[in-house]
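Read through the structure below, which is laid out as structure tokens, and then see the notes.
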Amino acid sequence: SKLCPWLLLGIAVPLMAALLVVIDGEHVGFFFLPDYPFPTLCTARSLLGVDCPGCSLTRSVIHLVHGRIVHSLSMHHLGWFIFLLIVLQAPFRIWFLFR
């Protein structure tokens, strides 16, 4: 059903964010492989050198999951809101399945 991808997303995002760290304030990588950060995926940032409206959301969520709220808010002021929307999908979809 259509509920499963959203349920999985609501569970996977916090778990993945717990495994990731922000490296040098700019890149993201697994905490156990800090010397191998992921490449930048934002096309606007890669090609034009400018931040898009969604830039820094991933880093903001990672900081939030690790309890660094001030860092999270300094990365993107809506990171907490996006994280909340995604995480609340899990209990909502579970409730919906058993309703």
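Following the order of the structure tokens, chains are lettered A, B, ..., residues in each are numbered from 1, and ligands are numbered from 1.
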
### Task
Within 12 Å of Ala18 in chain A, counting only C-alpha atoms, which residues show up once you throw out same-chain ones fewer than 6 positions away? Write them as a ChimeraX atom specification, please.
/A:11-12,28-32,58-59,61-67

#### Entry: DSSP-assigned helix (DSSP H, G or I) among chain A, expressed as a PyMOL selection string
chain A and resi 3-19+43-48+57-65+69-75+79-87+89-98

#### Entry: Residues within 10 Å of Leu7 in chain A, only C-alpha atoms, excluding chain neighbours under 3 positions, as a PyMOL selection string
chain A and resi 2-4+10-12+86-94+97

Write a file of the selected residues as a CSV table (one decimal), in the first residue's frame, keeping all heavy atoms.
chain,number,residue,atom,x,y,z
A,2,LYS,N,0.2,2.4,-0.2
A,2,LYS,CA,1.0,3.7,-0.2
A,2,LYS,C,1.5,4.1,1.2
A,2,LYS,O,2.3,5.0,1.3
A,2,LYS,CB,0.1,4.8,-0.7
A,2,LYS,CG,-0.3,4.6,-2.2
A,2,LYS,CD,-1.1,5.8,-2.7
A,2,LYS,CE,-1.3,5.6,-4.2
A,2,LYS,NZ,-2.1,6.8,-4.7
A,3,LEU,N,1.0,3.4,2.2
A,3,LEU,CA,1.4,3.8,3.6
A,3,LEU,C,2.9,3.3,3.9
A,3,LEU,O,3.6,3.9,4.6
A,3,LEU,CB,0.5,3.1,4.6
A,3,LEU,CG,-0.9,3.6,4.5
A,3,LEU,CD1,-1.8,2.8,5.5
A,3,LEU,CD2,-1.0,5.1,4.9
A,4,CYS,N,3.3,2.2,3.3
A,4,CYS,CA,4.6,1.6,3.6
A,4,CYS,C,5.7,2.5,3.3
A,4,CYS,O,6.6,2.6,4.2
A,4,CYS,CB,4.7,0.2,3.0
A,4,CYS,SG,3.6,-1.0,3.7
A,10,GLY,N,9.6,7.5,7.7
A,10,GLY,CA,9.6,8.0,9.1
A,10,GLY,C,10.4,7.3,10.1
A,10,GLY,O,10.9,7.8,11.1
A,11,ILE,N,10.8,6.0,9.8
A,11,ILE,CA,11.7,5.2,10.6
A,11,ILE,C,13.1,5.4,10.2
A,11,ILE,O,14.0,5.5,11.0
A,11,ILE,CB,11.2,3.8,10.6
A,11,ILE,CG1,9.8,3.6,11.3
A,11,ILE,CG2,12.3,2.9,11.3
A,11,ILE,CD1,9.2,2.3,11.1
A,12,ALA,N,13.3,5.4,8.9
A,12,ALA,CA,14.7,5.4,8.3
A,12,ALA,C,15.4,6.8,8.5
A,12,ALA,O,16.6,6.8,8.8
A,12,ALA,CB,14.7,5.1,6.8
A,86,ILE,N,8.6,14.4,9.0
A,86,ILE,CA,9.0,13.1,8.5
A,86,ILE,C,8.9,12.1,9.7
A,86,ILE,O,8.3,11.0,9.5
A,86,ILE,CB,10.5,13.1,8.0
A,86,ILE,CG1,10.6,13.9,6.7
A,86,ILE,CG2,11.0,11.7,7.8
A,86,ILE,CD1,12.0,14.2,6.3
A,87,VAL,N,9.3,12.4,10.8
A,87,VAL,CA,9.3,11.5,12.0
A,87,VAL,C,7.8,11.2,12.4
A,87,VAL,O,7.5,10.0,12.7
A,87,VAL,CB,10.1,12.0,13.1
A,87,VAL,CG1,9.9,11.2,14.4
A,87,VAL,CG2,11.6,12.0,12.8
A,88,LEU,N,7.0,12.2,12.3
A,88,LEU,CA,5.6,11.9,12.7
A,88,LEU,C,4.8,11.1,11.7
A,88,LEU,O,3.7,10.6,12.0
A,88,LEU,CB,4.9,13.3,12.9
A,88,LEU,CG,5.3,14.1,14.1
A,88,LEU,CD1,4.5,15.4,14.2
A,88,LEU,CD2,5.0,13.3,15.4
A,89,GLN,N,5.4,10.8,10.6
A,89,GLN,CA,4.8,9.9,9.6
A,89,GLN,C,4.7,8.5,10.2
A,89,GLN,O,3.7,7.8,9.9
A,89,GLN,CB,5.6,9.9,8.3
A,89,GLN,CG,5.5,11.1,7.5
A,89,GLN,CD,4.1,11.4,7.0
A,89,GLN,OE1,3.4,10.5,6.5
A,89,GLN,NE2,3.6,12.6,7.2
A,90,ALA,N,5.7,8.1,11.0
A,90,ALA,CA,5.7,6.7,11.5
A,90,ALA,C,4.5,6.4,12.4
A,90,ALA,O,3.7,5.5,12.1
A,90,ALA,CB,7.0,6.4,12.2
A,91,PRO,N,4.3,7.2,13.5
A,91,PRO,CA,3.1,6.8,14.3
A,91,PRO,C,1.8,7.1,13.6
A,91,PRO,O,0.8,6.3,13.8
A,91,PRO,CB,3.2,7.8,15.5
A,91,PRO,CG,4.2,8.8,15.1
A,91,PRO,CD,5.1,8.2,14.1
A,92,PHE,N,1.7,8.1,12.7
A,92,PHE,CA,0.5,8.3,11.9
A,92,PHE,C,0.2,7.2,11.0
A,92,PHE,O,-1.0,6.7,11.0
A,92,PHE,CB,0.6,9.6,11.1
A,92,PHE,CG,-0.5,9.9,10.2
A,92,PHE,CD1,-1.8,10.2,10.7
A,92,PHE,CD2,-0.4,9.7,8.8
A,92,PHE,CE1,-2.8,10.5,9.9
A,92,PHE,CE2,-1.4,10.0,8.0
A,92,PHE,CZ,-2.7,10.3,8.5
A,93,ARG,N,1.2,6.7,10.3
A,93,ARG,CA,0.9,5.6,9.4
A,93,ARG,C,0.6,4.3,10.1
A,93,ARG,O,-0.2,3.5,9.7
A,93,ARG,CB,2.1,5.4,8.4
A,93,ARG,CG,2.5,6.6,7.6
A,93,ARG,CD,1.3,7.0,6.7
A,93,ARG,NE,1.6,8.3,6.1
A,93,ARG,CZ,0.9,8.8,5.1
A,93,ARG,NH1,-0.1,8.1,4.5
A,93,ARG,NH2,1.2,10.0,4.6
A,94,ILE,N,1.3,4.0,11.3
A,94,ILE,CA,1.0,2.9,12.1
A,94,ILE,C,-0.5,2.9,12.6
A,94,ILE,O,-1.2,2.0,12.5
A,94,ILE,CB,1.9,2.7,13.2
A,94,ILE,CG1,3.3,2.4,12.7
A,94,ILE,CG2,1.5,1.7,14.2
A,94,ILE,CD1,4.4,2.4,13.7
A,97,LEU,N,-2.8,2.2,9.7
A,97,LEU,CA,-2.8,0.8,9.3
A,97,LEU,C,-3.8,0.0,10.2
A,97,LEU,O,-4.4,-0.9,9.7
A,97,LEU,CB,-1.4,0.2,9.4
A,97,LEU,CG,-0.5,0.5,8.2
A,97,LEU,CD1,0.9,0.0,8.5
A,97,LEU,CD2,-1.0,-0.2,6.9

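Remark: for Cys42 in chain A, the closest of the candidate residues A:Arg68, A:Arg99, A:His27, A:His77 is A:His27 (distances computed over only C-alpha atoms).
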
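The strand (DSSP E or B) portion of chain A consists of Leu20, Val21, Val22, Ile23, His27, Val28, Gly29 and Phe30 of chain A, with states taken from DSSP on the backbone.
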
Can you spit out the residues from that selection as a PDB file, in the first residue's frame, using N, CA, C and O atoms?
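And here's result-v1.pdb as it stands now:
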ATOM      1  N   LEU A  20      25.027   9.385  10.703  1.00  0.00           N
ATOM      2  CA  LEU A  20      25.760  10.390   9.942  1.00  0.00           C
ATOM      3  C   LEU A  20      26.299  11.500  10.842  1.00  0.00           C
ATOM      4  O   LEU A  20      25.762  11.746  11.922  1.00  0.00           O
ATOM      5  N   VAL A  21      27.344  12.150  10.385  1.00  0.00           N
ATOM      6  CA  VAL A  21      27.901  13.316  11.071  1.00  0.00           C
ATOM      7  C   VAL A  21      28.187  14.402  10.036  1.00  0.00           C
ATOM      8  O   VAL A  21      28.358  14.110   8.858  1.00  0.00           O
ATOM      9  N   VAL A  22      28.237  15.619  10.512  1.00  0.00           N
ATOM     10  CA  VAL A  22      28.613  16.746   9.656  1.00  0.00           C
ATOM     11  C   VAL A  22      30.123  16.906   9.766  1.00  0.00           C
ATOM     12  O   VAL A  22      30.666  17.009  10.866  1.00  0.00           O
ATOM     13  N   ILE A  23      30.798  16.886   8.618  1.00  0.00           N
ATOM     14  CA  ILE A  23      32.258  16.959   8.569  1.00  0.00           C
ATOM     15  C   ILE A  23      32.663  18.341   8.060  1.00  0.00           C
ATOM     16  O   ILE A  23      32.240  18.770   6.994  1.00  0.00           O
ATOM     17  N   HIS A  27      30.233  19.024   4.739  1.00  0.00           N
ATOM     18  CA  HIS A  27      29.963  17.718   4.165  1.00  0.00           C
ATOM     19  C   HIS A  27      29.323  16.779   5.186  1.00  0.00           C
ATOM     20  O   HIS A  27      29.371  17.022   6.380  1.00  0.00           O
ATOM     21  N   VAL A  28      28.758  15.700   4.673  1.00  0.00           N
ATOM     22  CA  VAL A  28      28.106  14.699   5.499  1.00  0.00           C
ATOM     23  C   VAL A  28      28.742  13.351   5.190  1.00  0.00           C
ATOM     24  O   VAL A  28      29.082  13.058   4.047  1.00  0.00           O
ATOM     25  N   GLY A  29      28.906  12.533   6.227  1.00  0.00           N
ATOM     26  CA  GLY A  29      29.441  11.193   6.046  1.00  0.00           C
ATOM     27  C   GLY A  29      29.083  10.334   7.232  1.00  0.00           C
ATOM     28  O   GLY A  29      28.560  10.820   8.238  1.00  0.00           O
ATOM     29  N   PHE A  30      29.355   9.043   7.111  1.00  0.00           N
ATOM     30  CA  PHE A  30      29.109   8.143   8.234  1.00  0.00           C
ATOM     31  C   PHE A  30      30.093   8.447   9.360  1.00  0.00           C
ATOM     32  O   PHE A  30      31.256   8.735   9.109  1.00  0.00           O
TER      33      PHE A  30
END

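Separating CA of Pro14 in chain A from CA of Ser74 in chain A is a distance of 19.5 Å.
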
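Here CA of Ser72 in chain A stands at a distance of 20.4 Å from CA of Leu9 in chain A.
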
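Counting from CA of Leu84 in chain A, the distance to CA of Trp6 in chain A is 13.3 Å.
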
### Message
Please determine, counting only C-alpha atoms, which residue among A:Leu41, A:Val70, A:Gly25, A:Leu85 has the shortest atom-to-atom distance to Gly54 in chain A.
### Response
A:Leu41

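Across A:Leu78, A:Pro34, A:Cys55, A:Phe83, the tightest approach to Ala17 in chain A is made by A:Phe83 when counting only C-alpha atoms.
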
### Message
Nearest residue to Asp51 in chain A out of A:Glu26, A:Tyr36, A:Met16, A:Leu73, using only C-alpha atoms?
### Response
A:Glu26
